[in-house]
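Shown below: protein05.tsv, with TSV, C-alpha atoms and all ligand atoms.
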chain	number	residue	atom	x	y	z
A	1	MET	CA	95.10	95.08	77.17
A	2	LYS	CA	95.58	96.37	80.71
A	3	ASP	CA	92.90	99.06	80.42
A	4	TYR	CA	90.44	97.07	78.34
A	5	PRO	CA	87.07	96.91	80.21
A	6	ARG	CA	85.87	93.36	80.90
A	7	TYR	CA	82.81	92.57	83.08
A	8	LEU	CA	81.43	95.12	85.55
A	9	THR	CA	82.21	95.16	89.26
A	10	PRO	CA	80.79	97.56	91.88
A	11	LYS	CA	83.93	99.71	91.54
A	12	PHE	CA	84.06	99.89	87.75
A	13	GLU	CA	85.22	103.09	86.05
A	14	PRO	CA	82.63	104.16	83.42
A	15	PHE	CA	84.10	104.18	79.91
A	16	ASP	CA	83.49	106.06	76.68
A	17	PRO	CA	81.55	103.53	74.50
A	18	LEU	CA	82.87	105.06	71.27
A	19	ASP	CA	86.38	104.61	72.55
A	20	LEU	CA	85.53	101.00	73.42
A	21	CYS	CA	84.16	100.54	69.87
A	22	GLU	CA	87.57	101.52	68.52
A	23	LYS	CA	89.54	99.43	71.00
A	24	THR	CA	87.36	96.39	70.36
A	25	MET	CA	87.57	96.88	66.61
A	26	SER	CA	91.36	96.83	66.85
A	27	ILE	CA	91.00	93.31	68.29
A	28	VAL	CA	88.06	91.82	66.36
A	29	GLY	CA	88.35	93.64	63.02
A	30	ARG	CA	90.98	93.35	60.32
A	31	GLY	CA	90.09	95.31	57.18
A	32	SER	CA	86.63	94.09	56.18
A	33	SER	CA	87.01	90.87	58.19
A	34	ARG	CA	85.54	90.23	61.61
A	35	LYS	CA	86.09	87.60	64.28
A	36	TYR	CA	83.47	84.85	64.72
A	37	THR	CA	83.41	81.78	66.92
A	38	ASP	CA	80.66	79.70	65.29
A	39	PHE	CA	77.89	79.42	62.71
A	40	TYR	CA	74.62	77.52	63.27
A	41	LYS	CA	70.86	77.61	63.03
A	42	VAL	CA	68.71	78.53	66.03
A	43	GLY	CA	64.94	78.45	66.56
A	44	VAL	CA	64.33	82.14	67.37
A	45	TYR	CA	62.53	84.26	64.75
A	46	GLY	CA	60.97	81.01	63.47
A	47	GLY	CA	64.42	79.63	62.56
A	48	ILE	CA	67.46	81.68	61.58
A	49	ALA	CA	70.99	81.02	60.31
A	50	THR	CA	73.32	82.74	62.78
A	51	GLY	CA	76.95	83.79	62.81
A	52	TYR	CA	78.28	84.19	66.35
A	53	LEU	CA	80.61	87.17	66.23
A	54	VAL	CA	83.04	88.52	68.79
A	55	GLY	CA	83.12	91.86	70.58
A	56	CYS	CA	80.86	94.59	71.92
A	57	CYS	CA	81.13	98.24	73.02
A	58	LEU	CA	78.95	97.85	76.14
A	59	ARG	CA	79.28	95.69	79.25
A	60	CYS	CA	75.69	94.89	80.30
A	61	PRO	CA	75.71	92.54	83.31
A	62	PHE	CA	72.56	90.74	82.10
A	63	CYS	CA	74.30	89.89	78.80
A	64	TRP	CA	73.94	86.23	77.76
A	65	VAL	CA	76.87	86.33	75.35
A	66	ASP	CA	79.78	84.03	76.26
A	67	TRP	CA	83.14	85.25	77.59
A	68	SER	CA	84.28	86.23	74.11
A	69	ARG	CA	82.58	89.57	74.86
A	70	ASP	CA	84.98	90.24	77.74
A	71	TYR	CA	88.09	88.54	76.35
A	72	PRO	CA	87.84	89.06	72.57
A	73	GLU	CA	91.58	88.59	72.09
A	74	LYS	CA	91.23	84.95	73.21
A	75	HIS	CA	88.31	83.92	71.02
A	76	GLY	CA	87.32	83.50	67.40
A	77	GLN	CA	88.82	83.54	63.95
A	78	PHE	CA	88.66	86.15	61.21
A	79	TYR	CA	86.11	85.73	58.42
A	80	SER	CA	85.65	87.92	55.36
A	81	PRO	CA	82.11	89.02	54.37
A	82	GLN	CA	82.19	86.45	51.53
A	83	GLN	CA	83.14	83.64	53.94
A	84	VAL	CA	80.36	84.64	56.38
A	85	PHE	CA	77.90	84.83	53.49
A	86	ASN	CA	78.89	81.35	52.32
A	87	ARG	CA	78.45	79.90	55.81
A	88	LEU	CA	75.08	81.56	56.44
A	89	ILE	CA	73.60	80.67	53.07
A	90	ASN	CA	74.80	77.10	53.37
A	91	ILE	CA	73.08	76.76	56.75
A	92	ALA	CA	69.91	78.50	55.53
A	93	ARG	CA	69.66	76.13	52.56
A	94	ARG	CA	70.40	72.98	54.52
A	95	LYS	CA	68.05	73.89	57.39
A	96	ARG	CA	65.41	75.47	55.16
A	97	VAL	CA	65.19	78.84	56.91
A	98	GLY	CA	64.68	82.21	55.26
A	99	ARG	CA	66.33	84.45	57.87
A	100	LEU	CA	69.95	85.38	58.57
A	101	ARG	CA	71.71	87.27	61.35
A	102	ILE	CA	75.07	87.88	62.97
A	103	SER	CA	74.75	87.91	66.74
A	104	GLY	CA	76.69	87.26	69.94
A	105	GLY	CA	78.34	90.69	69.92
A	106	GLU	CA	77.63	94.08	68.37
A	107	PRO	CA	77.29	93.58	64.58
A	108	THR	CA	77.82	97.25	63.69
A	109	LEU	CA	81.39	97.49	65.04
A	110	ASN	CA	82.97	96.77	61.67
A	111	ARG	CA	80.95	98.89	59.24
A	112	GLU	CA	82.80	97.69	56.16
A	113	HIS	CA	82.21	94.06	57.10
A	114	LEU	CA	78.49	94.53	57.78
A	115	LEU	CA	77.75	96.53	54.63
A	116	GLN	CA	79.71	94.16	52.37
A	117	LEU	CA	77.84	91.21	53.90
A	118	LEU	CA	74.49	92.93	53.32
A	119	ASP	CA	75.51	93.67	49.72
A	120	LEU	CA	75.79	89.90	49.28
A	121	THR	CA	72.67	88.78	51.16
A	122	ASP	CA	70.19	91.48	50.17
A	123	PRO	CA	69.73	90.58	46.47
A	124	LEU	CA	68.91	86.96	47.41
A	125	GLY	CA	65.78	87.94	49.34
A	126	TYR	CA	66.72	86.39	52.69
A	127	LEU	CA	65.54	88.57	55.58
A	128	PHE	CA	68.58	89.81	57.48
A	129	ILE	CA	67.86	90.64	61.12
A	130	LEU	CA	70.26	93.17	62.61
A	131	GLU	CA	70.20	93.29	66.40
A	132	THR	CA	72.08	96.35	67.62
A	133	ASN	CA	72.61	98.39	70.76
A	134	GLY	CA	72.34	101.52	68.58
A	135	ILE	CA	75.54	103.20	69.82
A	136	LEU	CA	77.22	103.59	66.43
A	137	LEU	CA	74.01	104.26	64.48
A	138	GLY	CA	73.09	107.02	66.96
A	139	HIS	CA	76.60	108.47	66.73
A	140	ASP	CA	76.68	108.61	62.92
A	141	ARG	CA	73.51	109.21	60.90
A	142	SER	CA	75.32	108.23	57.70
A	143	TYR	CA	75.57	104.66	59.04
A	144	ALA	CA	71.78	104.51	59.47
A	145	GLU	CA	71.42	105.99	55.97
A	146	ALA	CA	73.70	103.31	54.50
A	147	LEU	CA	71.58	100.60	56.13
A	148	SER	CA	68.29	102.11	55.00
A	149	LYS	CA	69.04	101.28	51.35
A	150	TYR	CA	68.70	97.51	51.90
A	151	GLU	CA	65.33	96.03	51.05
A	152	ASN	CA	65.56	92.85	53.08
A	153	LEU	CA	66.88	94.25	56.33
A	154	TYR	CA	65.03	94.42	59.62
A	155	ILE	CA	66.70	96.29	62.49
A	156	ARG	CA	66.04	95.62	66.15
A	157	VAL	CA	67.46	98.37	68.38
A	158	SER	CA	67.91	97.28	71.97
A	159	ILE	CA	67.58	100.06	74.56
A	160	LYS	CA	69.29	99.37	77.86
A	161	ALA	CA	68.18	102.35	79.97
A	162	GLY	CA	65.82	105.31	80.15
A	163	ASP	CA	68.17	107.77	81.81
A	164	ALA	CA	71.86	108.52	82.17
A	165	TRP	CA	72.18	106.93	85.60
A	166	GLY	CA	70.57	103.66	84.51
A	167	PHE	CA	72.68	103.58	81.34
A	168	GLU	CA	75.90	103.97	83.29
A	169	ARG	CA	74.92	101.42	85.91
A	170	ARG	CA	73.70	98.79	83.45
A	171	THR	CA	76.10	99.14	80.54
A	172	GLY	CA	79.28	100.45	82.18
A	173	ALA	CA	79.38	103.30	79.63
A	174	LEU	CA	79.40	106.96	80.66
A	175	GLY	CA	75.89	108.31	81.21
A	176	ASP	CA	76.62	111.20	78.80
A	177	PHE	CA	76.14	108.70	75.97
A	178	PHE	CA	72.77	107.28	77.03
A	179	ASN	CA	70.94	109.18	74.31
A	180	LEU	CA	72.74	107.47	71.40
A	181	PRO	CA	70.37	104.46	71.09
A	182	PHE	CA	67.39	106.86	71.09
A	183	LYS	CA	69.05	108.89	68.34
A	184	ALA	CA	69.52	105.66	66.38
A	185	VAL	CA	65.78	104.96	66.67
A	186	GLY	CA	65.01	108.52	65.55
A	187	TYR	CA	67.27	108.28	62.49
A	188	LEU	CA	65.87	104.90	61.46
A	189	LEU	CA	62.30	106.20	61.82
A	190	GLU	CA	63.10	109.28	59.70
A	191	LEU	CA	64.62	107.05	57.05
A	192	GLY	CA	61.59	104.74	56.98
A	193	THR	CA	63.67	101.67	57.89
A	194	ASP	CA	61.91	98.46	58.85
A	195	MET	CA	62.67	98.39	62.57
A	196	ARG	CA	61.51	97.68	66.09
A	197	VAL	CA	62.64	98.67	69.58
A	198	ALA	CA	63.42	96.14	72.30
A	199	CYS	CA	64.39	97.06	75.84
A	200	MET	CA	65.74	95.43	78.96
A	201	SER	CA	62.95	96.67	81.24
A	202	ASP	CA	62.94	93.79	83.73
A	203	PRO	CA	61.66	95.51	86.93
A	204	ARG	CA	64.46	93.78	88.87
A	205	VAL	CA	66.99	95.99	87.07
A	206	MET	CA	65.00	98.95	85.69
A	207	PRO	CA	62.95	101.05	88.15
A	208	SER	CA	59.37	101.77	86.96
A	209	LYS	CA	60.07	105.54	86.93
A	210	GLU	CA	62.95	104.99	84.52
A	211	ARG	CA	60.82	102.68	82.36
A	212	LYS	CA	58.18	105.41	82.06
A	213	GLU	CA	60.85	107.95	81.13
A	214	MET	CA	62.22	105.57	78.50
A	215	ILE	CA	58.75	105.22	76.94
A	216	ARG	CA	58.26	109.01	77.05
A	217	GLN	CA	61.60	109.46	75.26
A	218	LEU	CA	60.62	106.98	72.57
A	219	GLU	CA	57.31	108.77	72.06
A	220	ARG	CA	59.09	112.13	71.86
A	221	ILE	CA	61.07	110.85	68.87
A	222	GLY	CA	57.94	109.39	67.29
A	223	TYR	CA	58.16	105.71	68.23
A	224	TYR	CA	54.69	104.38	69.19
A	225	ASP	CA	55.06	100.88	67.77
A	226	TYR	CA	55.33	97.62	69.71
A	227	LEU	CA	57.96	97.64	72.46
A	228	GLU	CA	59.57	94.25	72.94
A	229	GLU	CA	60.26	94.14	76.68
A	230	GLU	CA	62.86	91.65	77.85
A	231	ASP	CA	63.54	89.88	81.15
A	232	CYS	CA	66.90	88.91	82.60
A	233	SER	CA	67.36	85.20	81.96
A	234	PRO	CA	69.65	82.97	84.00
A	235	TYR	CA	72.17	82.11	81.28
A	236	PRO	CA	75.40	81.01	83.02
A	237	THR	CA	77.36	84.07	81.82
A	238	ALA	CA	74.53	86.44	82.79
A	239	VAL	CA	74.33	84.87	86.26
A	240	ALA	CA	78.08	85.29	86.75
A	241	ARG	CA	78.16	88.85	85.37
A	242	MET	CA	75.22	89.93	87.53
A	243	ARG	CA	76.96	88.53	90.57
A	244	TYR	CA	80.27	90.23	89.73
A	245	ALA	CA	78.40	93.53	89.21
A	246	GLY	CA	76.76	93.27	92.63
A	247	TYR	CA	73.19	92.28	91.66
A	248	ASP	CA	71.50	89.59	93.72
A	249	LEU	CA	68.99	88.34	91.17
A	250	PHE	CA	69.30	84.65	90.56
B	1	LIG	S1	73.57	92.74	76.00
B	1	LIG	FE1	74.10	93.33	73.89
B	1	LIG	S2	74.81	95.45	74.08
B	1	LIG	FE2	74.87	94.58	76.13
B	1	LIG	S3	76.98	93.79	76.35
B	1	LIG	FE3	75.70	92.08	75.60
B	1	LIG	S4	75.94	92.13	73.39
B	1	LIG	FE4	76.63	94.12	74.16

Let me see whether you can do it: turn the structure in this file into structure tokens.
Ligand code: SF4
Amino acid sequence: MKDYPRYLTPKFEPFDPLDLCEKTMSIVGRGSSRKYTDFYKVGVYGGIATGYLVGCCLRCPFCWVDWSRDYPEKHGQFYSPQQVFNRLINIARRKRVGRLRISGGEPTLNREHLLQLLDLTDPLGYLFILETNGILLGHDRSYAEALSKYENLYIRVSIKAGDAWGFERRTGALGDFFNLPFKAVGYLLELGTDMRVACMSDPRVMPSKERKEMIRQLERIGYYDYLEEEDCSPYPTAVARMRYAGYDLF
């Protein structure tokens, strides 16, 4: 675990996000199972049953996720798709909500886990909301194709930067890979998937020139729909990570 990237510092060495996907998967994935720390209902999206999973392939300093993102080997337990399904449906029924999601890390890391879970939820008609950073979907069109077959799936792709420099600075990943989330958006649009783009365009972290370039890029690939622009919020982990990364925001 010596070379495993944790939170960013001003001297961080940019990493290959696909390599980090693999390394993280070796910790949080076991066959079709995936590590989770909790299951509950939250009020966002009008009420949603949520599984809090472990592990991500980026290291955004504004990330609200708890320290399981940085130390996945220390957190969580393995759950099969059937066990996650049982937990989510139980919560949805008890709390009377019609939406499901797995959040708290990057849900696409274990493809087998995600697709088997969707195979279980989709026929029941619950809306499954997939929040993703788009790295793996942009890397492999067949993953986006596999997702496009589900009828009750809504995908929210979160863009972190509008250029290579911003991507490297705000995710820790090599700037060469900054285009992957845009490719994910392009594939999902081509496939007619129900989707939306969100972005971390808080002017305290994203310069206005970069924001304009990000919007131009989205338009170039045919995305003219609503852009859900986010602000950095002072969650305790985000405050600490921003400080460690050298931002003076909060
Ligand atoms: S903000 Fe999202 S993509 Fe970035 S590190 Fe956190 S979970 Fe991963």

*Which residue of A:Gln77, A:Asn133, A:Asn179, A:Ser142 approaches Cys60 in chain A most closely, using only C-alpha atoms*: A:Asn133

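Shell of Lys11 in chain A at 12 Å, with only C-alpha atoms counted and residues fewer than 2 places along the chain excluded, is Tyr7, Leu8, Thr9, Glu13, Pro14, Arg169, Gly172, Tyr244, Ala245 and Gly246 of chain A.
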
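For the choices A:Asp248, A:Asp176, A:Asp122, A:Asp140, the atom-to-atom distance to Asn152 in chain A is smallest for A:Asp122 when using only C-alpha atoms.
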
*Selection as a PyMOL selection string: residues within 7 Å of ligand LIG 1 (chain B) by only C-alpha atoms and all ligand atoms*: chain A and resi 56-60+62-65+104-106+133+171

*Which one of A:Val54, A:Ile48, A:Leu88, A:Leu109 sits closest to Lys35 in chain A if you count all atoms listed in the file?*
A:Val54

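Going from CA of Leu147 in chain A to CA of Asp119 in chain A covers 10.2 Å.
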
*Find, counting only C-alpha atoms, the residue in A:Ser33, A:Thr24, A:Thr121, A:Asn90 that gets nearest to Ser68 in chain A.*
A:Thr24

Produce the centre coordinates and the three edge lengths, each in Å to one decimal, of the box along x, y and z that contains all listed atoms of range 244-249 of chain A with 5 Å added on each side, as AutoDock Vina command-line options.
--center_x 74.6 --center_y 90.9 --center_z 91.5 --size_x 21.3 --size_y 15.2 --size_z 14.5
